[in-house]
Every structure is written in C-alpha cells, then in structure tokens.
Amino acid sequence: MQHRKSESLVEGLCFGEGPRWRNGRLWFSDMYGYKIFSVDLAGEIETITEVPKQPSGLGWLPNGDLLFVSMLDRRIMRLGPDGTKVHSDLSELIEHPCNDMIVDAVGNAYVGNYGFDLDLVMKGEGRPQETHLVCVTPEGDAFKVGDPLLFPNGMVITPDGGTLIVAETFGARLTAFDLSVSGELTNGRIWASIEGIHPDGITLDADGAIWIASPRAKSVFRVAEGGQILEAIELEQDCFACMLGGEDGKTLFMLTAGTFDGKESKERKTGRVEVVAVDVPKAGLP
C-alpha cells in the first residue's frame, strides 16, 4: 500500500462541506463562512452565493439550476438564472438541521438531517436518535423515504442509477437502498460496517469502492463493500468530506479543518481543500 501525501489547494476557510466536481471545478460550501464557492485546479476561487443559515449539501437539477441545503432553517434553495428562491421547505417534516444532499439524474434530491440535538449529544447529555432521509422532487414536493438511520450524511448513487448508499455517521456504517424513479428507497441493507470509523462525506470510484471522510481520525479511508479497508491516507487535520474529480477523475479532494466548533472555526479559519492523486477514477453521482 503506497503512502500518499496531500497538498493544499485552498486554505483559510472556516469549515468546508459538500464538495462536488462539476464542469472543471470543485464546488463546495463553507458552512461557518456562510458561502458557497467553486475553485479550479490552479486554486482560483469564485464565490457563488451567500447562505446566512449555513450551506451544506449541493446538487444540480437537470436544467442546470443549483440546489443547496440551508441547514438551520431546513430549506432546500434553488439558484437559477432568475436568482435564488426556496425550492422546498422541510421544516414541518424534520426538527433538526439538514446536512448533506445528493441529486439523482431525474432531479430528485435526497436530504439528510441530524435527527437529534447534536450539541447535547456531543456534551454527553443526550443520545443519538434515528431519522429518515427526505426526498424532494424536481417540483419541490417533499416526503420521508427509506428506513430509519443514525445521522444520515454523505451519499453516493451507483453509475446505473439503481442504488443509493448513505453514510450513517453515528451508526459507523454505510447503508444501501434500491432507488426508484419516483424517489422511493427500498430494500435497505448494510453495505459496509466500519467499526471505529464515523463516516461523513463519501465518494464512489470506478472499482465500486468508496472513499470515506472520517472526523476525528485525521484520515480518509477507501472501503470495499463488506467493510474491508483497502487504503488509508493520513492527514494533518480531520477530514469531513471528500470528492473524486479532476480531468481524469483521479484527484481526491478532501475538506479538512482543525475544529468542528462553529465559534473556533470562524476565529481560526483552519479549513482547507486538500488534494491527492489516486489510482481509480470517480464513478456515479454526485
């Protein structure tokens, strides 16, 4: 197993999340910086929009409009040629902040959410509670889908469009569902049980393996179906999200930070986009 060393593409972020490769650029959210950015491989960065209620997951409708998660008011926003508007308000369906999101080929968006008060649990004053993904149709209609999950987070969709795999951060596992055009998720099953790893953002490669960002591990892991760890890349900071991209799909983008705390993130600005070359290219969505 070869040793890989990352390089910084972007520094000085508060806290990066939701990386997506599209049209020769990496798009991502700065959650505590309240902005969405894109950056090219030379490090030239562009501000896409500001999101006062914290941005997270990103995706695109078939017509090219950008969808993004507004975490704290639990809304999916839509940015198109005529500006930004509310695509779907999920506040009556879910009680706690939204986080990551994936958009499939027909424009259905699958949105994760905390399911509990994360601050209390981190202080040891509460227990994680299960929640459901929410499907938002291209028209903005929303409904809960799939089986209950423990902090659903990063997601991928296989190249055939038939399977959605979601990271359960507090479940230490990846869970797969059969995916239908109508947005329903069925046949839930464990894709990989990864004890000791708390999966956050994930990205799928052409061999069917998944790269996992694991907060508190200062590493990203490449995992096969069933849970075998194929490779690990050690980092200076914790990694919260990752995405394969680049011209040949073999650049692994890793969003790292020295803290998850919102106040510290704004003060210290340790957030980075780090890159490393890998052997197997990107596959599937996002």
# chains A, B, ... in the order shown; residues from 1 in each chain; ligands from 1
$ residues_around --residues "Glu225 in chain A" --least-positions-apart "6" --cutoff "8 Å" --atoms "only C-alpha atoms" --output "NGL selection string"
:A and (191-192 or 208-209)
$ select_by_dssp --residues "range 92-256 of chain A" --states "helix (DSSP H, G or I)" --output "list in words"
Leu118, Asp119, Leu120, Val121 and Met122 of chain A
$ select_by_dssp --residues "range 71-171 of chain A" --states "strand (DSSP E)" --output "MDAnalysis selection string"
chainID A and resid 75:80 83:89 98:103 109:113 131:136 142:149 152:157 163:168
$ atom_distance --atom1 "CA of Met101 in chain A" --atom2 "CA of His87 in chain A"
13.5 Å
$ atom_distance --atom1 "CA of Ile233 in chain A" --atom2 "CA of Glu168 in chain A"
20.9 Å
$ closest_residue --among "A:Val86, A:Leu13, A:Leu164, A:Leu41" --to "Thr251 in chain A" --atoms "only C-alpha atoms"
A:Leu41
$ atom_distance --atom1 "CA of Val69 in chain A" --atom2 "CA of Gly126 in chain A"
25.5 Å
$ residues_around --residues "range 271-278 of chain A" --least-positions-apart "4" --cutoff "6 Å" --atoms "only C-alpha atoms" --output "list of chain:residue names"
A:Ser6, A:Glu7, A:Ser8, A:Leu9, A:Val10, A:Glu11, A:Gly12, A:Leu13, A:Cys14, A:Phe15, A:Lys250, A:Thr251, A:Leu252, A:Phe253, A:Met254, A:Leu255, A:Thr256, A:Ala257
$ write_last_selection --atoms "N, CA and C atoms" --output "PDB file, in the first residue's frame"
ATOM      1  N   SER A   6      -0.903  14.657   0.760  1.00  0.00           N
ATOM      2  CA  SER A   6      -1.789  15.651   0.163  1.00  0.00           C
ATOM      3  C   SER A   6      -1.105  17.018   0.051  1.00  0.00           C
ATOM      4  N   GLU A   7      -1.664  17.854  -0.829  1.00  0.00           N
ATOM      5  CA  GLU A   7      -1.248  19.247  -0.966  1.00  0.00           C
ATOM      6  C   GLU A   7      -2.476  20.129  -0.800  1.00  0.00           C
ATOM      7  N   SER A   8      -2.271  21.350  -0.316  1.00  0.00           N
ATOM      8  CA  SER A   8      -3.383  22.278  -0.119  1.00  0.00           C
ATOM      9  C   SER A   8      -3.696  23.018  -1.420  1.00  0.00           C
ATOM     10  N   LEU A   9      -4.974  23.012  -1.790  1.00  0.00           N
ATOM     11  CA  LEU A   9      -5.444  23.789  -2.939  1.00  0.00           C
ATOM     12  C   LEU A   9      -6.038  25.118  -2.475  1.00  0.00           C
ATOM     13  N   VAL A  10      -6.758  25.077  -1.350  1.00  0.00           N
ATOM     14  CA  VAL A  10      -7.372  26.273  -0.756  1.00  0.00           C
ATOM     15  C   VAL A  10      -7.116  26.233   0.742  1.00  0.00           C
ATOM     16  N   GLU A  11      -6.799  27.383   1.323  1.00  0.00           N
ATOM     17  CA  GLU A  11      -6.651  27.497   2.775  1.00  0.00           C
ATOM     18  C   GLU A  11      -7.442  28.702   3.262  1.00  0.00           C
ATOM     19  N   GLY A  12      -7.597  28.819   4.586  1.00  0.00           N
ATOM     20  CA  GLY A  12      -8.263  29.978   5.172  1.00  0.00           C
ATOM     21  C   GLY A  12      -9.773  29.911   5.192  1.00  0.00           C
ATOM     22  N   LEU A  13     -10.335  28.728   4.984  1.00  0.00           N
ATOM     23  CA  LEU A  13     -11.780  28.551   5.096  1.00  0.00           C
ATOM     24  C   LEU A  13     -12.172  28.400   6.560  1.00  0.00           C
ATOM     25  N   CYS A  14     -13.439  28.641   6.850  1.00  0.00           N
ATOM     26  CA  CYS A  14     -13.928  28.337   8.200  1.00  0.00           C
ATOM     27  C   CYS A  14     -14.143  26.832   8.346  1.00  0.00           C
ATOM     28  N   PHE A  15     -15.021  26.276   7.506  1.00  0.00           N
ATOM     29  CA  PHE A  15     -15.317  24.842   7.615  1.00  0.00           C
ATOM     30  C   PHE A  15     -15.954  24.372   6.311  1.00  0.00           C
ATOM     31  N   LYS A 250      -9.219  11.254 -11.117  1.00  0.00           N
ATOM     32  CA  LYS A 250      -8.330  10.602 -10.148  1.00  0.00           C
ATOM     33  C   LYS A 250      -7.729  11.565  -9.129  1.00  0.00           C
ATOM     34  N   THR A 251      -8.317  12.745  -9.005  1.00  0.00           N
ATOM     35  CA  THR A 251      -7.917  13.660  -7.935  1.00  0.00           C
ATOM     36  C   THR A 251      -8.915  13.529  -6.797  1.00  0.00           C
ATOM     37  N   LEU A 252      -8.406  13.221  -5.616  1.00  0.00           N
ATOM     38  CA  LEU A 252      -9.261  13.138  -4.430  1.00  0.00           C
ATOM     39  C   LEU A 252      -9.173  14.466  -3.698  1.00  0.00           C
ATOM     40  N   PHE A 253     -10.291  15.170  -3.645  1.00  0.00           N
ATOM     41  CA  PHE A 253     -10.385  16.431  -2.913  1.00  0.00           C
ATOM     42  C   PHE A 253     -10.871  16.124  -1.494  1.00  0.00           C
ATOM     43  N   MET A 254     -10.180  16.678  -0.506  1.00  0.00           N
ATOM     44  CA  MET A 254     -10.513  16.408   0.893  1.00  0.00           C
ATOM     45  C   MET A 254     -10.694  17.724   1.632  1.00  0.00           C
ATOM     46  N   LEU A 255     -11.850  17.903   2.262  1.00  0.00           N
ATOM     47  CA  LEU A 255     -12.131  19.121   3.009  1.00  0.00           C
ATOM     48  C   LEU A 255     -11.813  18.867   4.475  1.00  0.00           C
ATOM     49  N   THR A 256     -10.777  19.552   4.957  1.00  0.00           N
ATOM     50  CA  THR A 256     -10.271  19.309   6.304  1.00  0.00           C
ATOM     51  C   THR A 256     -10.396  20.572   7.152  1.00  0.00           C
ATOM     52  N   ALA A 257     -10.330  20.383   8.467  1.00  0.00           N
ATOM     53  CA  ALA A 257     -10.369  21.511   9.398  1.00  0.00           C
ATOM     54  C   ALA A 257      -9.788  21.078  10.733  1.00  0.00           C
TER      55      ALA A 257
END
$ residues_around --residues "Tyr114 in chain A" --least-positions-apart "5" --cutoff "6 Å" --atoms "only C-alpha atoms" --output "list of chain:residue names"
A:His96, A:Pro97, A:Phe151
